[in-house]
Amino acid sequence: MKNIVSPLLLGSLALSACATPSATVTSAPTLKLTADAETVPVGTVNRDAADDPAIWRNAADPANSLIIGTDKRAGLYVYGLDGSKKSFLPEGELNNVDLREVMSDAERTVLVGASVRNDRANAHIGLYRLDPESAELTPLGKYPAGPGEAYGFCFGQDSGGEIFAYMIEKSGFVREITLSFDGGTPGATITREHKLATQPEGCVVDDRTGRLYVGEENSGIWLFDLNADNFAPQRFANVNGRELVADVEGLALAPTGDTGGYLVASSQGDNAYVLYDLTTGAYVNRFRLVDGAIDGTSETDGIEVSLGDFGPAYPEGLMVMQDGANEGGTQNFKLVSWSKIKAAIAP
């Protein structure tokens, strides 16, 4: 994924393979927030099933934006911001999901991608088209993504609109896959890969800066400079038992300006969410979702953040997180206004 932006200002981060910017920070008290809404539960009952969300913002009608969520035992759900089920696509075992808007056949398409785990020996990417009007997903095809078990997944998009997929294979491989849409038929080619020492999963790409962030569950968070020729990670944050507690799970971005904002991580080991400064790499704050009118979250896998106007309930954006121990025993996703998070983490 080259030439997304001008060369990265990595000097400001002073990162290296052994740097640990978060480990030197004194842990702040963990804030307590409550959810604003929740989705209906996924269909797979009494099992670890709901996993990862993605958010599509409807710029023309923000309150009618959509959330896509995986039931990793069964397929893909589409929800409204009120948490109602809009549609379900039975696709088998899909783990992580992401989306981007692309031009295909001279039309703007909401492209959804997911890691397909139906074949444990060979990873695949599932690609789908989201119809914003019907809130339904149409399969476009499944594409080989190398040997091993598909696990984490995310998209990246460069300034010219080219789309890249990142497959996080369970044994440690991080693979970059270039997607093409010539003639409207997607194609996928593995272009680069790197193997981490232990199991990774969560990933997210900052399209502004060309940085891929990958969570190695028991180790920490890695940064890949996608503009560099060398596809190799730099340490961004360590699992240290204070700010970040294993497992590191979902990762999400709350971008501001050209390079600023936050990287948000699911600190599954103590049921919390951690924020880091994207410019400096410094630890910022952490919070939990506790019981309120809606029950809190625990054992969170996937998370997503999307900023912007989502209507009166979410005027500055929202965060969606999987709840691993939902009341009633069937997992779902919780929604929190970014305005609430932003106010809580402010100095």
# chains A, B, ... in the order shown; residues from 1 in each chain; ligands from 1
>>> select_by_dssp(residues="region 297-336 of chain A", states="strand (DSSP E or B)", output="count of residues only")
17
>>> residues_around(residues="Ile221 (chain A)", least_positions_apart="2", cutoff="8 Å", atoms="only C-alpha atoms", output="JSON, numbers by chain")
{"A": [213, 214, 215, 216, 219, 223, 235, 236, 237, 238, 239, 248]}
>>> closest_atom_pairs(of="region 56-122 of chain A", to="region 251-267 of chain A", cutoff="12 Å", atoms="only C-alpha atoms", output="tab-separated table")
residue	atom	partner	partner_atom	distance
A:Asn96	CA	A:Leu251	CA	11.1
A:Val97	CA	A:Leu251	CA	11.9
A:Asp98	CA	A:Ala252	CA	10.7
>>> closest_residue(among="A:Thr109, A:Gln157, A:Ser339, A:Ser134", to="Tyr314 (chain A)", atoms="only C-alpha atoms")
A:Ser339
>>> residues_around(residues="region 60-70 of chain A", least_positions_apart="2", cutoff="7 Å", atoms="only C-alpha atoms", output="list in words")
Ala50, Asp51, Asp52, Pro53, Ala54, Ile55, Trp56, Arg57, Asn58, Lys72, Gly75, Leu76, Tyr77, Val78, Tyr79, Gly80, Leu81, Leu94, Asn95, Asn96, Val97, Asp309, Phe310 and Gly311 of chain A
>>> residues_around(residues="Asn332 (chain A)", least_positions_apart="2", cutoff="8 Å", atoms="only C-alpha atoms", output="CSV table (one decimal) with N, CA and C atoms, in the first residue's frame")
chain,number,residue,atom,x,y,z
A,38,GLU,N,-28.2,-0.8,22.3
A,38,GLU,CA,-27.6,-2.2,22.1
A,38,GLU,C,-28.4,-2.8,20.9
A,39,THR,N,-27.7,-3.7,20.2
A,39,THR,CA,-28.3,-4.4,19.1
A,39,THR,C,-29.1,-5.6,19.7
A,40,VAL,N,-30.0,-6.1,18.9
A,40,VAL,CA,-30.6,-7.4,19.3
A,40,VAL,C,-29.5,-8.5,19.3
A,41,PRO,N,-29.6,-9.5,20.0
A,41,PRO,CA,-28.6,-10.6,20.0
A,41,PRO,C,-28.4,-11.2,18.7
A,42,VAL,N,-27.2,-11.8,18.5
A,42,VAL,CA,-27.0,-12.6,17.3
A,42,VAL,C,-27.8,-13.9,17.4
A,50,ALA,N,-21.0,-13.5,18.7
A,50,ALA,CA,-20.8,-12.1,18.1
A,50,ALA,C,-19.3,-11.8,18.2
A,322,GLN,N,-18.4,-5.2,20.9
A,322,GLN,CA,-19.0,-6.5,21.1
A,322,GLN,C,-19.1,-6.8,22.6
A,323,ASP,N,-20.2,-7.4,23.1
A,323,ASP,CA,-20.3,-7.8,24.5
A,323,ASP,C,-20.3,-9.3,24.6
A,324,GLY,N,-19.2,-9.8,25.3
A,324,GLY,CA,-19.0,-11.2,25.3
A,324,GLY,C,-19.8,-11.9,26.4
A,326,ASN,N,-23.3,-10.9,27.4
A,326,ASN,CA,-24.6,-10.2,27.4
A,326,ASN,C,-25.6,-10.8,28.3
A,330,THR,N,-26.9,-14.6,25.3
A,330,THR,CA,-26.7,-14.5,23.8
A,330,THR,C,-26.0,-13.2,23.5
A,334,LYS,N,-22.9,-3.3,21.8
A,334,LYS,CA,-23.3,-2.1,22.5
A,334,LYS,C,-22.9,-0.8,21.7
>>> closest_residue(among="A:Phe333, A:Tyr273, A:Phe155, A:Phe164", to="Ile345 (chain A)", atoms="only C-alpha atoms")
A:Tyr273
